[in-house]
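Colleague: Below is the file entry_22.txt, with compact mmCIF, C-alpha atoms.
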```txt
# COMPACT_ATOMS: atom_id res chain seq x y z
CA MET A 1 37.43 12.65 7.11
CA VAL A 2 35.15 11.67 4.27
CA GLY A 3 32.57 13.33 2.08
CA ASP A 4 29.76 12.76 -0.37
CA GLY A 5 31.30 10.28 -2.73
CA GLY A 6 31.68 10.20 -6.46
CA ARG A 7 28.00 11.07 -6.60
CA VAL A 8 26.89 14.64 -7.09
CA PRO A 9 26.16 16.55 -3.85
CA SER A 10 22.37 16.55 -3.80
CA GLY A 11 19.76 18.98 -2.55
CA PRO A 12 20.00 22.48 -1.15
CA ARG A 13 22.11 22.99 1.95
CA GLU A 14 21.50 25.38 4.82
CA LEU A 15 24.08 28.09 5.42
CA GLY A 16 25.01 27.88 9.09
CA HIS A 17 21.78 28.18 11.08
CA SER A 18 20.40 31.04 8.98
CA GLY A 19 17.59 29.17 7.28
CA VAL A 20 19.02 30.18 3.90
CA ARG A 21 19.45 27.20 1.62
CA VAL A 22 21.51 27.05 -1.56
CA PRO A 23 21.91 24.48 -4.33
CA PRO A 24 25.38 22.93 -4.45
CA LEU A 25 26.34 24.77 -7.65
CA GLY A 26 25.71 28.48 -8.16
CA LEU A 27 26.41 31.19 -10.72
CA GLY A 28 29.23 33.65 -10.11
CA CYS A 29 28.16 36.90 -11.73
CA ALA A 30 31.45 38.77 -12.14
CA PRO A 31 31.39 38.10 -15.92
CA LEU A 32 28.08 39.98 -16.11
CA GLY A 33 30.09 43.06 -15.12
CA ASN A 34 32.30 42.74 -18.22
CA LEU A 35 35.16 40.96 -16.48
CA TYR A 36 38.22 41.20 -18.79
CA GLU A 37 36.06 41.98 -21.84
CA ALA A 38 32.69 43.47 -22.71
CA MET A 39 29.69 41.14 -22.79
CA PRO A 40 26.72 41.99 -25.05
CA GLU A 41 23.55 42.71 -23.12
CA GLU A 42 21.67 39.89 -24.82
CA ARG A 43 24.35 37.35 -23.87
CA ALA A 44 24.30 38.52 -20.26
CA ARG A 45 20.54 38.01 -20.15
CA ASP A 46 20.71 34.58 -21.78
CA THR A 47 23.50 33.50 -19.41
CA VAL A 48 21.33 34.18 -16.36
CA ARG A 49 18.36 32.49 -17.99
CA ALA A 50 20.50 29.42 -18.68
CA ALA A 51 21.42 29.34 -14.99
CA PHE A 52 17.74 29.17 -14.08
CA ASP A 53 17.17 26.45 -16.67
CA THR A 54 20.01 24.28 -15.33
CA GLY A 55 19.38 24.70 -11.61
CA LEU A 56 22.17 27.18 -10.81
CA THR A 57 19.68 29.23 -8.84
CA TYR A 58 22.12 30.61 -6.29
CA MET A 59 23.53 33.77 -7.85
CA ASP A 60 26.39 35.77 -6.38
CA THR A 61 27.16 39.33 -7.44
CA ALA A 62 28.74 42.50 -6.01
CA PRO A 63 28.86 46.27 -6.60
CA HIS A 64 32.53 45.79 -7.48
CA TYR A 65 31.65 43.71 -10.54
CA GLY A 66 31.58 46.28 -13.32
CA VAL A 67 30.86 49.12 -10.83
CA GLY A 68 27.26 47.98 -10.52
CA LEU A 69 26.75 46.60 -14.02
CA SER A 70 26.58 42.98 -12.86
CA GLU A 71 23.85 43.80 -10.34
CA GLU A 72 21.91 45.81 -12.92
CA ARG A 73 22.02 43.08 -15.53
CA LEU A 74 21.07 40.41 -13.02
CA GLY A 75 18.23 42.56 -11.74
CA ARG A 76 16.77 42.96 -15.22
CA VAL A 77 16.48 39.17 -15.58
CA LEU A 78 15.01 38.74 -12.10
CA VAL A 79 12.06 41.01 -12.87
CA GLY A 80 8.85 39.02 -12.57
CA ARG A 81 10.46 35.87 -11.21
CA GLU A 82 9.06 34.34 -8.05
CA ARG A 83 11.42 35.40 -5.26
CA ALA A 84 11.45 31.96 -3.68
CA THR A 85 12.88 30.40 -6.85
CA TYR A 86 16.39 31.77 -6.39
CA THR A 87 18.95 32.65 -3.72
CA LEU A 88 20.78 35.94 -4.09
CA SER A 89 23.97 37.29 -2.56
CA THR A 90 25.85 40.54 -2.96
CA LYS A 91 28.57 42.32 -1.04
CA VAL A 92 29.42 45.48 0.90
CA GLY A 93 32.64 47.37 1.47
CA ARG A 94 32.93 49.16 -1.85
CA ARG A 95 30.48 52.01 -2.19
CA LEU A 96 29.74 53.38 -5.66
CA ARG A 97 29.38 57.01 -6.69
CA PRO A 98 29.30 58.89 -10.01
CA ARG A 99 32.72 59.60 -11.51
CA ASP A 100 33.71 63.25 -11.33
CA PRO A 101 34.75 65.09 -14.53
CA GLY A 102 38.38 64.32 -15.27
CA GLU A 103 38.59 61.60 -12.62
CA PRO A 104 40.37 58.46 -13.85
CA VAL A 105 38.26 55.49 -14.88
CA GLN A 106 38.56 52.59 -12.41
CA ALA A 107 38.84 49.49 -14.56
CA ASP A 108 40.04 46.95 -11.97
CA GLY A 109 39.80 44.20 -14.58
CA PHE A 110 36.39 45.19 -15.94
CA ALA A 111 35.75 46.66 -19.40
CA ASP A 112 33.25 49.19 -20.72
CA THR A 113 31.56 49.88 -17.39
CA PRO A 114 29.14 52.57 -16.17
CA ASP A 115 30.59 55.98 -15.34
CA ARG A 116 31.07 55.31 -11.64
CA VAL A 117 33.93 54.83 -9.21
CA ARG A 118 34.38 52.66 -6.13
CA THR A 119 35.26 53.98 -2.69
CA TRP A 120 36.03 51.82 0.33
CA ASP A 121 33.44 52.38 3.03
CA PHE A 122 32.94 50.14 6.06
CA SER A 123 31.05 52.71 8.13
CA ARG A 124 27.55 52.02 9.40
CA ASP A 125 26.01 54.58 7.05
CA GLY A 126 28.21 53.49 4.16
CA ILE A 127 27.28 49.83 4.43
CA ARG A 128 23.60 50.68 4.72
CA ALA A 129 23.78 52.96 1.69
CA THR A 130 25.73 50.36 -0.29
CA LEU A 131 23.12 47.71 0.43
CA GLU A 132 20.23 50.01 -0.40
CA SER A 133 21.81 50.82 -3.76
CA SER A 134 22.32 47.11 -4.45
CA LEU A 135 18.68 46.40 -3.63
CA GLU A 136 17.66 49.07 -6.13
CA ARG A 137 19.90 47.73 -8.89
CA LEU A 138 18.78 44.15 -8.26
CA GLY A 139 15.11 45.08 -7.98
CA VAL A 140 14.49 43.16 -4.76
CA ASP A 141 13.38 44.12 -1.25
CA ALA A 142 15.85 41.96 0.69
CA LEU A 143 18.97 39.86 0.19
CA ASP A 144 19.46 36.25 1.16
CA ILE A 145 23.20 36.66 1.78
CA VAL A 146 25.53 39.65 2.07
CA TYR A 147 29.30 39.32 2.35
CA VAL A 148 31.81 41.91 3.53
CA HIS A 149 33.95 42.05 0.40
CA ASP A 150 37.77 41.94 0.33
CA PRO A 151 38.41 43.68 3.68
CA GLU A 152 42.03 42.56 4.03
CA ASP A 153 43.31 46.15 4.09
CA HIS A 154 40.49 47.37 6.34
CA ILE A 155 40.57 44.99 9.27
CA ARG A 156 40.26 47.72 11.91
CA GLU A 157 37.16 49.13 10.19
CA VAL A 158 35.60 45.65 10.10
CA TYR A 159 36.00 45.28 13.85
CA GLU A 160 34.97 48.84 14.69
CA THR A 161 31.95 49.31 12.44
CA GLY A 162 31.69 47.00 9.43
CA PHE A 163 30.46 43.72 10.80
CA ALA A 164 28.21 45.34 13.39
CA ALA A 165 26.54 47.35 10.62
CA LEU A 166 25.90 44.20 8.63
CA ALA A 167 24.59 42.35 11.67
CA GLU A 168 22.19 45.24 12.26
CA LEU A 169 20.82 44.87 8.73
CA LYS A 170 20.28 41.18 9.43
CA GLN A 171 18.33 42.04 12.55
CA GLU A 172 16.15 44.31 10.42
CA LYS A 173 15.56 41.36 8.06
CA LEU A 174 17.00 43.16 5.05
CA VAL A 175 19.54 40.32 5.02
CA ARG A 176 19.05 36.70 6.07
CA ALA A 177 22.65 35.46 6.24
CA ILE A 178 25.89 37.39 6.65
CA GLY A 179 29.58 36.73 6.33
CA PHE A 180 32.78 37.58 4.49
CA GLY A 181 34.02 37.01 0.97
CA MET A 182 37.69 37.15 0.02
CA ASN A 183 40.75 35.29 -1.23
CA HIS A 184 42.57 35.25 2.13
CA SER A 185 41.56 32.15 4.05
CA ASP A 186 43.65 33.07 7.11
CA LEU A 187 41.67 36.28 7.63
CA LEU A 188 38.42 34.47 6.96
CA ALA A 189 39.38 32.03 9.71
CA ARG A 190 40.04 34.93 12.09
CA PHE A 191 36.68 36.52 11.32
CA VAL A 192 34.81 33.23 11.75
CA ALA A 193 36.47 32.75 15.13
CA ASP A 194 35.66 36.28 16.30
CA PHE A 195 32.20 36.98 14.81
CA ASP A 196 28.84 35.24 14.54
CA VAL A 197 29.22 34.37 10.87
CA ASP A 198 26.69 32.31 8.89
CA VAL A 199 28.76 31.75 5.77
CA VAL A 200 32.02 32.70 4.10
CA LEU A 201 32.82 32.84 0.40
CA CYS A 202 36.39 31.62 0.01
CA ALA A 203 37.85 32.16 -3.46
CA GLY A 204 40.76 30.14 -4.77
CA ARG A 205 42.06 28.73 -1.48
CA TRP A 206 40.34 25.33 -1.51
CA THR A 207 41.02 23.79 -4.90
CA LEU A 208 42.94 20.99 -6.55
CA LEU A 209 45.93 23.36 -6.63
CA ASP A 210 45.60 25.19 -3.31
CA ARG A 211 44.94 23.57 0.07
CA THR A 212 45.43 26.71 2.18
CA ALA A 213 41.86 26.80 3.50
CA HIS A 214 42.20 23.24 4.75
CA ASP A 215 44.92 24.36 7.12
CA ASP A 216 43.32 27.51 8.54
CA LEU A 217 39.70 28.20 7.55
CA LEU A 218 37.90 24.88 7.24
CA PRO A 219 38.67 23.60 10.76
CA VAL A 220 37.27 26.70 12.46
CA CYS A 221 34.21 26.70 10.17
CA GLU A 222 33.49 23.10 11.08
CA ARG A 223 33.91 23.87 14.77
CA ARG A 224 31.71 26.98 14.66
CA GLY A 225 29.04 25.61 12.34
CA THR A 226 29.83 28.19 9.65
CA SER A 227 29.18 27.19 6.05
CA VAL A 228 31.65 27.68 3.23
CA VAL A 229 30.84 28.66 -0.33
CA VAL A 230 33.83 27.97 -2.56
CA GLY A 231 34.67 30.36 -5.36
CA GLY A 232 37.52 30.21 -7.84
CA VAL A 233 37.43 26.43 -8.20
CA TYR A 234 39.34 26.83 -11.47
CA ASN A 235 41.88 29.24 -9.90
CA SER A 236 41.08 31.96 -12.45
CA GLY A 237 41.20 29.53 -15.37
CA LEU A 238 44.27 27.34 -14.88
CA LEU A 239 42.17 24.34 -13.83
CA ALA A 240 39.73 24.94 -16.66
CA ASP A 241 42.37 24.82 -19.37
CA PRO A 242 46.03 24.41 -18.33
CA ALA A 243 47.43 25.89 -21.52
CA PRO A 244 50.33 28.34 -21.83
CA GLY A 245 49.17 31.80 -20.79
CA ALA A 246 46.43 30.49 -18.49
CA ARG A 247 45.60 32.68 -15.50
CA TYR A 248 46.14 31.72 -11.88
CA ASP A 249 44.80 34.13 -9.25
CA TYR A 250 44.11 36.69 -11.99
CA GLN A 251 47.73 36.65 -13.22
CA GLN A 252 49.59 34.49 -15.72
CA ALA A 253 50.21 31.13 -14.09
CA PRO A 254 53.80 30.43 -13.02
CA PRO A 255 55.48 27.49 -14.83
CA GLU A 256 55.48 25.15 -11.84
CA LEU A 257 51.73 25.50 -11.32
CA LEU A 258 51.05 25.14 -15.02
CA ALA A 259 53.02 21.87 -14.98
CA ARG A 260 51.13 20.63 -11.92
CA ALA A 261 47.77 21.44 -13.51
CA ARG A 262 48.79 19.51 -16.61
CA ARG A 263 49.70 16.49 -14.49
CA LEU A 264 46.30 16.70 -12.82
CA ALA A 265 44.65 16.77 -16.24
CA GLU A 266 46.65 13.74 -17.39
CA VAL A 267 45.57 11.63 -14.42
CA CYS A 268 41.96 12.72 -14.82
CA ALA A 269 42.09 11.72 -18.50
CA GLU A 270 43.18 8.21 -17.52
CA TYR A 271 39.86 7.87 -15.72
CA GLU A 272 37.90 9.62 -18.49
CA VAL A 273 37.12 12.57 -16.25
CA PRO A 274 37.55 16.16 -17.47
CA LEU A 275 39.83 18.18 -15.21
CA ARG A 276 37.06 20.75 -14.81
CA ALA A 277 34.67 18.12 -13.48
CA ALA A 278 37.19 17.06 -10.85
CA ALA A 279 37.88 20.69 -9.94
CA LEU A 280 34.17 21.36 -9.45
CA ARG A 281 33.63 18.30 -7.27
CA PHE A 282 36.81 18.39 -5.20
CA PRO A 283 35.78 21.00 -2.59
CA PHE A 284 32.84 18.91 -1.42
CA GLY A 285 35.11 16.45 0.33
CA HIS A 286 34.99 18.72 3.36
CA PRO A 287 31.72 18.76 5.36
CA ALA A 288 31.80 22.54 5.92
CA VAL A 289 31.41 23.18 2.19
CA ALA A 290 27.82 23.94 1.24
CA ALA A 291 28.20 25.12 -2.35
CA ALA A 292 30.50 26.27 -5.11
CA VAL A 293 29.93 29.22 -7.43
CA VAL A 294 31.41 29.34 -10.90
CA GLY A 295 31.62 32.37 -13.16
CA CYS A 296 30.13 31.90 -16.62
CA ALA A 297 30.32 34.29 -19.55
CA THR A 298 27.98 32.49 -21.96
CA PRO A 299 24.89 30.26 -21.78
CA ALA A 300 27.04 27.44 -23.17
CA GLU A 301 29.45 27.80 -20.24
CA VAL A 302 26.56 27.57 -17.81
CA ARG A 303 25.27 24.39 -19.42
CA ASP A 304 28.77 22.95 -19.62
CA ASN A 305 29.45 23.53 -15.93
CA ALA A 306 26.08 22.10 -14.95
CA GLU A 307 26.81 18.98 -16.99
CA LEU A 308 30.37 18.66 -15.66
CA PHE A 309 29.04 18.86 -12.12
CA THR A 310 27.02 15.68 -12.73
CA HIS A 311 29.89 13.81 -14.40
CA ASP A 312 30.53 10.38 -12.93
CA ILE A 313 33.83 10.44 -11.04
CA PRO A 314 35.22 7.09 -9.88
CA ASP A 315 36.59 7.01 -6.36
CA GLU A 316 39.80 5.57 -7.77
CA LEU A 317 40.62 8.91 -9.40
CA TRP A 318 40.95 10.68 -6.06
CA GLN A 319 43.09 7.86 -4.70
CA ALA A 320 45.31 8.05 -7.79
CA LEU A 321 45.84 11.78 -7.30
CA VAL A 322 47.00 11.09 -3.76
CA ALA A 323 49.20 8.17 -4.80
CA ARG A 324 50.95 10.32 -7.41
CA GLY A 325 51.59 13.17 -5.02
CA LEU A 326 49.11 15.57 -6.59
CA LEU A 327 46.95 15.69 -3.46
CA ASP A 328 48.25 15.44 0.09
CA GLN A 329 47.35 12.36 2.09
CA ASP A 330 45.52 14.33 4.79
CA ILE A 331 43.16 16.05 2.33
CA PRO A 332 39.49 15.04 2.76
CA LEU A 333 38.46 13.37 -0.47
CA PRO A 334 34.96 13.26 -1.95
CA VAL A 335 34.70 9.50 -1.54
CA PRO A 336 31.96 7.40 0.09
CA SER A 337 32.25 6.48 3.74
CA PRO A 338 32.83 2.77 4.47
CA GLN A 339 29.25 2.14 5.60
CA GLU A 340 27.96 3.35 2.25
```
Represent the structure from my file as structure tokens, please.

Modeller:
Amino acid sequence: MVGDGGRVPSGPRELGHSGVRVPPLGLGCAPLGNLYEAMPEERARDTVRAAFDTGLTYMDTAPHYGVGLSEERLGRVLVGRERATYTLSTKVGRRLRPRDPGEPVQADGFADTPDRVRTWDFSRDGIRATLESSLERLGVDALDIVYVHDPEDHIREVYETGFAALAELKQEKLVRAIGFGMNHSDLLARFVADFDVDVVLCAGRWTLLDRTAHDDLLPVCERRGTSVVVGGVYNSGLLADPAPGARYDYQQAPPELLARARRLAEVCAEYEVPLRAAALRFPFGHPAVAAAVVGCATPAEVRDNAELFTHDIPDELWQALVARGLLDQDIPLPVPSPQE
């Protein structure tokens, strides 16, 4: 199986058969919700503007991100922009409500957030209300993509009410493409097999360090014509900077993975390729992958990722990673096909 080559994946790609098209690189908006640390309002605004300036015009957010703060900040920048100039996704499953007096603050990794709490709600009314609130915060009339967010502990509710409620909203044209977003590629594979899914957002399971999605999710997506958006290409930071204390899957990286990431970086350096550039490009070796989204906390990070995405990567680098045991031999590599 072969992919798009050392060249940058070009042009927007359709998600399934939905008619929704996304650029190959998009902006993950969790940092806009004060992920790990507070972000000044002005920096949040300038980060989104930098995404527009550099072509990262697919923007993915969620009510979970800063209990609505990410959606609110994104919405303030979208005011007055031509709707056709960007693609927008959010998520359902966590419904927001005001925090009661004395009720604990729900941080969940986000700092200095609005005075709200999250409640799981996969009911028909709950999903509709969640989407309506997101539309209000974002300042738009409809969404391009909506994902059912992190439903791994609510599988029964997904089958009984959740996905049907989302499909109903698609029929009403409040949503153009629907799917699931989570870290568990095995469950994503099950949902793709069982439901009429346009797209899935798979975080952290199809990267230079984790091939899990190749074994369960990607084959069924290719068979069903379901598109994949890849999140977590840096595995929470380890593939961005494999230094002591780096995060992997939101926790401190274990020593063996830190060592592997460093070996990846060393081989990339031999070919004058930043590890981050290779991490961004790697997922596109598989034909089911339509796009990747990367979280950025500053305008400089946006510009840096956009530049890294266009970095020239020789085909020999991928072959070297295989030869040195850092990628398995059956992994589809982003190298040109023979006829090219």

Colleague: For each of A:Pro299, A:Gly28, A:Gly179, A:Pro63, take the minimum atom-to-atom distance to Glu42 of chain A, counting only C-alpha atoms, then give the residue where this is smallest.

Modeller: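 The answer is A:Pro299, which sits nearest to Glu42 of chain A.
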
Colleague: So that I can check the surroundings of segment 9-20 of chain A, please list as a PDB file with C-alpha atoms, in the coordinates of the input every protein, DNA and RNA residue that reaches within 9 Å of it, counting all atoms listed in the file and ignoring chain neighbours fewer than 2 positions away.

Modeller:
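For reference, result.pdb as written:
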```pdb
ATOM      1  CA  ASP A   4      29.760  12.760  -0.370  1.00  0.00           C
ATOM      2  CA  GLY A   5      31.300  10.280  -2.730  1.00  0.00           C
ATOM      3  CA  GLY A   6      31.680  10.200  -6.460  1.00  0.00           C
ATOM      4  CA  ARG A   7      28.000  11.070  -6.600  1.00  0.00           C
ATOM      5  CA  VAL A  22      21.510  27.050  -1.560  1.00  0.00           C
ATOM      6  CA  PRO A  23      21.910  24.480  -4.330  1.00  0.00           C
ATOM      7  CA  PRO A  24      25.380  22.930  -4.450  1.00  0.00           C
ATOM      8  CA  THR A  87      18.950  32.650  -3.720  1.00  0.00           C
ATOM      9  CA  ASP A 144      19.460  36.250   1.160  1.00  0.00           C
ATOM     10  CA  ILE A 145      23.200  36.660   1.780  1.00  0.00           C
ATOM     11  CA  ARG A 176      19.050  36.700   6.070  1.00  0.00           C
ATOM     12  CA  ALA A 177      22.650  35.460   6.240  1.00  0.00           C
ATOM     13  CA  ILE A 178      25.890  37.390   6.650  1.00  0.00           C
ATOM     14  CA  VAL A 197      29.220  34.370  10.870  1.00  0.00           C
ATOM     15  CA  ASP A 198      26.690  32.310   8.890  1.00  0.00           C
ATOM     16  CA  VAL A 199      28.760  31.750   5.770  1.00  0.00           C
ATOM     17  CA  ARG A 224      31.710  26.980  14.660  1.00  0.00           C
ATOM     18  CA  GLY A 225      29.040  25.610  12.340  1.00  0.00           C
ATOM     19  CA  THR A 226      29.830  28.190   9.650  1.00  0.00           C
ATOM     20  CA  SER A 227      29.180  27.190   6.050  1.00  0.00           C
ATOM     21  CA  VAL A 228      31.650  27.680   3.230  1.00  0.00           C
ATOM     22  CA  VAL A 229      30.840  28.660  -0.330  1.00  0.00           C
ATOM     23  CA  ARG A 281      33.630  18.300  -7.270  1.00  0.00           C
ATOM     24  CA  PHE A 284      32.840  18.910  -1.420  1.00  0.00           C
ATOM     25  CA  ALA A 290      27.820  23.940   1.240  1.00  0.00           C
ATOM     26  CA  ALA A 291      28.200  25.120  -2.350  1.00  0.00           C
ATOM     27  CA  THR A 310      27.020  15.680 -12.730  1.00  0.00           C
TER      28      THR A 310
END
```

Colleague: So, counting all atoms listed in the file, which residue among A:Val92, A:Leu275, A:Glu256, A:Arg43 is closest to Pro244 of chain A?

Modeller: A:Glu256

Colleague: A:Asp150, A:Asp304, A:Asp112, A:Asp210: which is nearest Met39 of chain A, counting all atoms listed in the file?

Modeller: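 The shortest atom-to-atom distance to Met39 of chain A comes from A:Asp112.
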
Colleague: Neighbouring residues of Gly162 of chain A were defined as those with any atom within 8 Å, considering all atoms listed in the file; residues of the same chain fewer than 3 positions away were excluded. Please report them as an MDAnalysis selection string.

Modeller: chainID A and resid 122:124 127 148 157:159 165:166

Colleague: In terms of the shortest atom-to-atom distance over only C-alpha atoms, which of A:Gly204, A:Glu37, A:Pro104, A:Ala30 is closest to Leu69 of chain A?

Modeller: A:Ala30

Colleague: What's the separation between atom CA of Phe282 of chain A and atom CA of Gly33 of chain A, in Å to one decimal place?

Modeller: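 Computing it gives 27.4 Å between the two atoms.
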
Colleague: Tell me, in Å to one decimal, how far atom CA of Val302 of chain A is from atom CA of Gly231 of chain A.

Modeller: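 Interatomic distance, atom CA of Val302 of chain A to atom CA of Gly231 of chain A: 15.1 Å.
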
Colleague: When distances are computed from all atoms listed in the file, which of A:Gln319, A:Thr298, A:Ser134, A:Asn305 shows the smallest separation from Thr54 of chain A?

Modeller: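 Closest candidate: A:Asn305.
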
Colleague: Hey, which of A:Arg324, A:Met59, A:Ala277, A:Val293 ends up closest to Leu25 of chain A? Count only C-alpha atoms.

Modeller: A:Val293

Colleague: Quick one: everything within 9 Å of Glu316 of chain A, counting all atoms listed in the file, minus sequence neighbours fewer than 3 positions away in the same chain. Send it as a PyMOL selection string.

Modeller: chain A and resi 271+313+319-321+335

Colleague: Which value, in Å to one decimal, gives the distance between atom CA of Arg116 of chain A and atom CA of Arg156 of chain A?

Modeller: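 These two atoms are separated by 26.4 Å.
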
Colleague: Taking (25.2, 39.7, -22.1) as a centre in this file's frame and 12 Å as the limit, can you find every polymer residue with an atom that close, using only C-alpha atoms, and give them as a ChimeraX atom specification?

Modeller: /A:29-35,37-50,69-70,72-74,76-77,296-299

Colleague: What's the 7 Å shell around Ser185 of chain A, counting only C-alpha atoms, without same-chain residues fewer than 4 positions away, as a PDB file with C-alpha atoms, in the frame of the given file?

Modeller:
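The result, written out as out.pdb:
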```pdb
ATOM      1  CA  ALA A 189      39.380  32.030   9.710  1.00  0.00           C
ATOM      2  CA  CYS A 202      36.390  31.620   0.010  1.00  0.00           C
ATOM      3  CA  ARG A 205      42.060  28.730  -1.480  1.00  0.00           C
ATOM      4  CA  THR A 212      45.430  26.710   2.180  1.00  0.00           C
ATOM      5  CA  ALA A 213      41.860  26.800   3.500  1.00  0.00           C
ATOM      6  CA  ASP A 216      43.320  27.510   8.540  1.00  0.00           C
ATOM      7  CA  LEU A 217      39.700  28.200   7.550  1.00  0.00           C
TER       8      LEU A 217
END
```

Colleague: Please list as an MDAnalysis selection string every residue within 10 Å of Pro274 of chain A, counting only C-alpha atoms and excluding residues in the same chain fewer than 2 positions away.

Modeller: chainID A and resid 240 264:272 276:279 308 311 313
